[in-house]
Amino acid sequence: MGFKISHSNNQKKVKPFYGPVNDDDGTDGSLTLISPPDDAGYASWLIQHPSALNAFDSITKEAKWKKVVVFLDYDGTLSPIVEDPDKAFMSAEMRMAVREVAKYFPTSIVSGRSREKVKEFVQLSNVYYAGSHGLDILAPPRADKKVNEGAFQPAKLYLPAIQEISIELEDTIRDIQGARLEDNKFCISVHYRQVQPKDRETLKERVKSLVENRLEFRLTEGKMVLEVRPSIEWNKGDALNYLLDVLGFSNAKDVLPLYIGDDRTDEDAFKVIAGRREGFPIIVSSIPRDTIAWYSLRDPSEKRVFEWMDIHHFRCFFVVVEVVLYPLSFVNDSRLPNHFRM
Ligand SMILES: O=P(O)(O)OC[C@H]1O[C@H](O[C@H]2O[C@H](CO)[C@@H](O)[C@H](O)[C@H]2O)[C@H](O)[C@@H](O)[C@@H]1O
């Protein structure tokens, strides 16, 4: 399978700003609420996007005899959303849960952060990392290539321009108190969580007009963050496809990608899974939201995700994998931790 990347220099793709319905709640600042965050609204949204916790049994049933490949977003999924982006630490329990999951299922972390930074936070060596919204992926070499060519970086040519626009952005936001830039290597994040509400529109307008004048860039918006990205058609959904391919699953009929994410950019990955009509797109949200995801996890903090990732729950998945891949005797193998034994 080949990967086509179009560099859309002529066609400007600036995504519209979505009304900041809930800008001050510290979580879903830029996302579209489809009903007020009350229990009745949430309950009816849950009918469309059932809780992945409650659906666990049906999910495991569907996964039987199939190969589950796990994809996880970082901020707001594995770590809680916090004021200071440099302090978005993942708990030790969550780390342990991800490490256990990755022992049995190929697991990738797909983040808007730079690959190096997200790896520093996650600190696991048994997962693959896709940073900068998938523009920087370190995965095993493809089956048809003997030598590992290093990271896949489709926007490498943009690096000098990214450095230039970073300086311009710095100048543009300098006088706005609380505004800060984060260099994510192939993308630049402009954070406004710590900017006073009265100054946020000014910041957005300035960044928007700067990016509009630079054809090599486009703008997306996350949770109280503007993300300046190269104008190439490549997103977290493409990263998911790329990883499935290099992991040897592109033509497999029995693959179920499982993706957990909380942000607008994760919708690209949900879309890919929805297009396959098989897999588990799971959104983390405490409010009803417009989403392509089929399942949901309520708490925007790590708690619910952890609960779901918890090895006790994943024990069910393990049984599936064990039936398919491992000899039965392995189940009661004393080398296995207690919670994996039958
Ligand atoms: O794709 P992700 O891994 O979810 O990255 C998206 C952005 O996440 C980070 O910002 C968000 O989390 C911060 C820490 O909790 C929070 O302060 C900020 O308001 C959120 O937008 C990251 O810092 C950004 O660079 C990513 O673009």
# chains A, B, ... in the order shown; residues from 1 in each chain; ligands from 1

call {"tool": "residues_near_ligand", "arguments": {"ligand": "ligand 1", "cutoff": "9 Å", "atoms": "only C-alpha atoms and all ligand atoms", "output": "VMD selection string"}}
result
chain A and resid 26 to 29 72 to 89 109 to 114 118 131 to 133 181 to 184 187 to 194 221 to 227 236 261 to 266

call {"tool": "select_by_dssp", "arguments": {"residues": "region 159-250 of chain A", "states": "strand (DSSP E or B)", "output": "list in words"}}
result
Arg180, Leu181, Glu182, Asp183, Ile188, Ser189, Val190, His191, Phe217, Arg218, Leu219, Thr220, Glu221, Gly222, Val225, Leu226, Glu227, Val228, Arg229, Pro230 and Ile232 of chain A

call {"tool": "residues_around", "arguments": {"residues": "region 199-213 of chain A", "least_positions_apart": "6", "cutoff": "8 Å", "atoms": "only C-alpha atoms", "output": "ChimeraX atom specification"}}
result
/A:12,14,169,172-173,176,192,219,226,228

call {"tool": "select_by_dssp", "arguments": {"residues": "region 38-283 of chain A", "states": "helix (DSSP H, G or I)", "output": "PyMOL selection string"}}
result
chain A and resi 39-48+56-63+85-87+92-104+115-122+132-134+156-173+197-212+236-246+264-276

call {"tool": "write_last_selection", "arguments": {"atoms": "C-alpha atoms", "output": "short mmCIF file (atom, residue, chain, number, x, y, z; two decimals), in the first residue's frame"}}
result
data_model
loop_
_atom_site.label_atom_id
_atom_site.label_comp_id
_atom_site.auth_asym_id
_atom_site.auth_seq_id
_atom_site.Cartn_x
_atom_site.Cartn_y
_atom_site.Cartn_z
CA ASP A 39 -27.66 14.76 32.69
CA ALA A 40 -30.68 14.48 30.39
CA GLY A 41 -28.67 15.75 27.40
CA TYR A 42 -25.82 13.45 28.20
CA ALA A 43 -28.14 10.47 28.64
CA SER A 44 -29.65 10.93 25.19
CA TRP A 45 -26.18 11.43 23.64
CA LEU A 46 -25.15 8.15 25.31
CA ILE A 47 -27.76 6.31 23.29
CA GLN A 48 -25.86 7.32 20.13
CA PHE A 56 -17.16 -3.96 27.10
CA ASP A 57 -18.74 -7.39 26.80
CA SER A 58 -20.09 -6.79 23.31
CA ILE A 59 -16.76 -5.26 22.26
CA THR A 60 -14.83 -8.29 23.45
CA LYS A 61 -17.31 -10.56 21.70
CA GLU A 62 -16.77 -8.67 18.45
CA ALA A 63 -13.02 -8.84 18.96
CA PRO A 85 1.14 21.98 29.05
CA ASP A 86 4.58 21.09 30.44
CA LYS A 87 2.95 19.49 33.46
CA ALA A 92 2.04 5.64 37.19
CA GLU A 93 -1.11 3.47 37.15
CA MET A 94 -2.01 4.62 33.67
CA ARG A 95 1.53 3.95 32.49
CA MET A 96 1.34 0.44 33.89
CA ALA A 97 -2.03 -0.18 32.23
CA VAL A 98 -0.73 0.96 28.83
CA ARG A 99 2.41 -1.13 29.23
CA GLU A 100 0.29 -4.22 29.97
CA VAL A 101 -2.02 -3.57 27.03
CA ALA A 102 0.98 -3.12 24.74
CA LYS A 103 2.34 -6.50 25.78
CA TYR A 104 -0.58 -8.17 24.04
CA ARG A 115 7.26 12.73 19.19
CA GLU A 116 10.16 13.28 21.59
CA LYS A 117 8.01 15.13 24.10
CA VAL A 118 5.19 12.63 24.15
CA LYS A 119 7.72 9.83 24.59
CA GLU A 120 9.21 11.68 27.57
CA PHE A 121 5.77 11.81 29.15
CA VAL A 122 4.81 8.22 28.38
CA SER A 132 2.94 16.22 15.54
CA HIS A 133 -0.53 14.85 14.68
CA GLY A 134 1.07 11.95 12.79
CA LYS A 156 10.31 17.44 6.65
CA LEU A 157 10.68 20.03 3.88
CA TYR A 158 8.57 22.43 5.90
CA LEU A 159 10.97 22.59 8.85
CA PRO A 160 12.69 25.89 7.87
CA ALA A 161 9.30 27.53 7.22
CA ILE A 162 7.99 26.21 10.55
CA GLN A 163 10.91 27.82 12.33
CA GLU A 164 10.21 31.09 10.53
CA ILE A 165 6.51 31.16 11.35
CA SER A 166 7.32 30.28 14.93
CA ILE A 167 9.31 33.51 15.25
CA GLU A 168 6.47 35.48 13.65
CA LEU A 169 3.94 33.89 15.98
CA GLU A 170 6.12 34.72 18.96
CA ASP A 171 6.09 38.40 17.89
CA THR A 172 2.35 38.34 17.26
CA ILE A 173 1.38 37.10 20.72
CA PRO A 197 -11.17 35.64 28.30
CA LYS A 198 -11.32 39.26 27.06
CA ASP A 199 -8.05 38.81 25.12
CA ARG A 200 -8.75 35.43 23.54
CA GLU A 201 -10.54 36.68 20.43
CA THR A 202 -7.70 39.13 19.74
CA LEU A 203 -5.20 36.30 19.95
CA LYS A 204 -7.25 34.08 17.65
CA GLU A 205 -7.75 36.84 15.10
CA ARG A 206 -4.04 37.67 15.02
CA VAL A 207 -2.94 34.06 14.63
CA LYS A 208 -5.64 33.42 12.04
CA SER A 209 -4.62 36.38 9.89
CA LEU A 210 -0.93 35.50 10.12
CA VAL A 211 -1.61 31.93 8.99
CA GLU A 212 -3.98 33.04 6.23
CA LYS A 236 -4.15 11.31 12.72
CA GLY A 237 -6.34 9.14 10.46
CA ASP A 238 -3.54 8.86 7.90
CA ALA A 239 -1.15 8.06 10.74
CA LEU A 240 -3.46 5.23 11.83
CA ASN A 241 -3.51 3.81 8.28
CA TYR A 242 0.27 4.19 8.00
CA LEU A 243 0.85 2.34 11.27
CA LEU A 244 -1.56 -0.45 10.31
CA ASP A 245 0.38 -0.79 7.07
CA VAL A 246 3.88 -0.91 8.57
CA ARG A 264 -11.19 17.43 17.45
CA THR A 265 -8.08 16.11 15.70
CA ASP A 266 -8.93 12.60 16.90
CA GLU A 267 -12.06 12.73 14.75
CA ASP A 268 -9.83 12.11 11.70
CA ALA A 269 -8.85 8.76 13.17
CA PHE A 270 -12.44 7.97 14.16
CA LYS A 271 -13.44 8.69 10.56
CA VAL A 272 -10.95 6.15 9.23
CA ILE A 273 -12.28 3.46 11.58
CA ALA A 274 -15.87 4.37 10.76
CA GLY A 275 -14.97 4.07 7.05
CA ARG A 276 -13.65 0.56 7.64
#
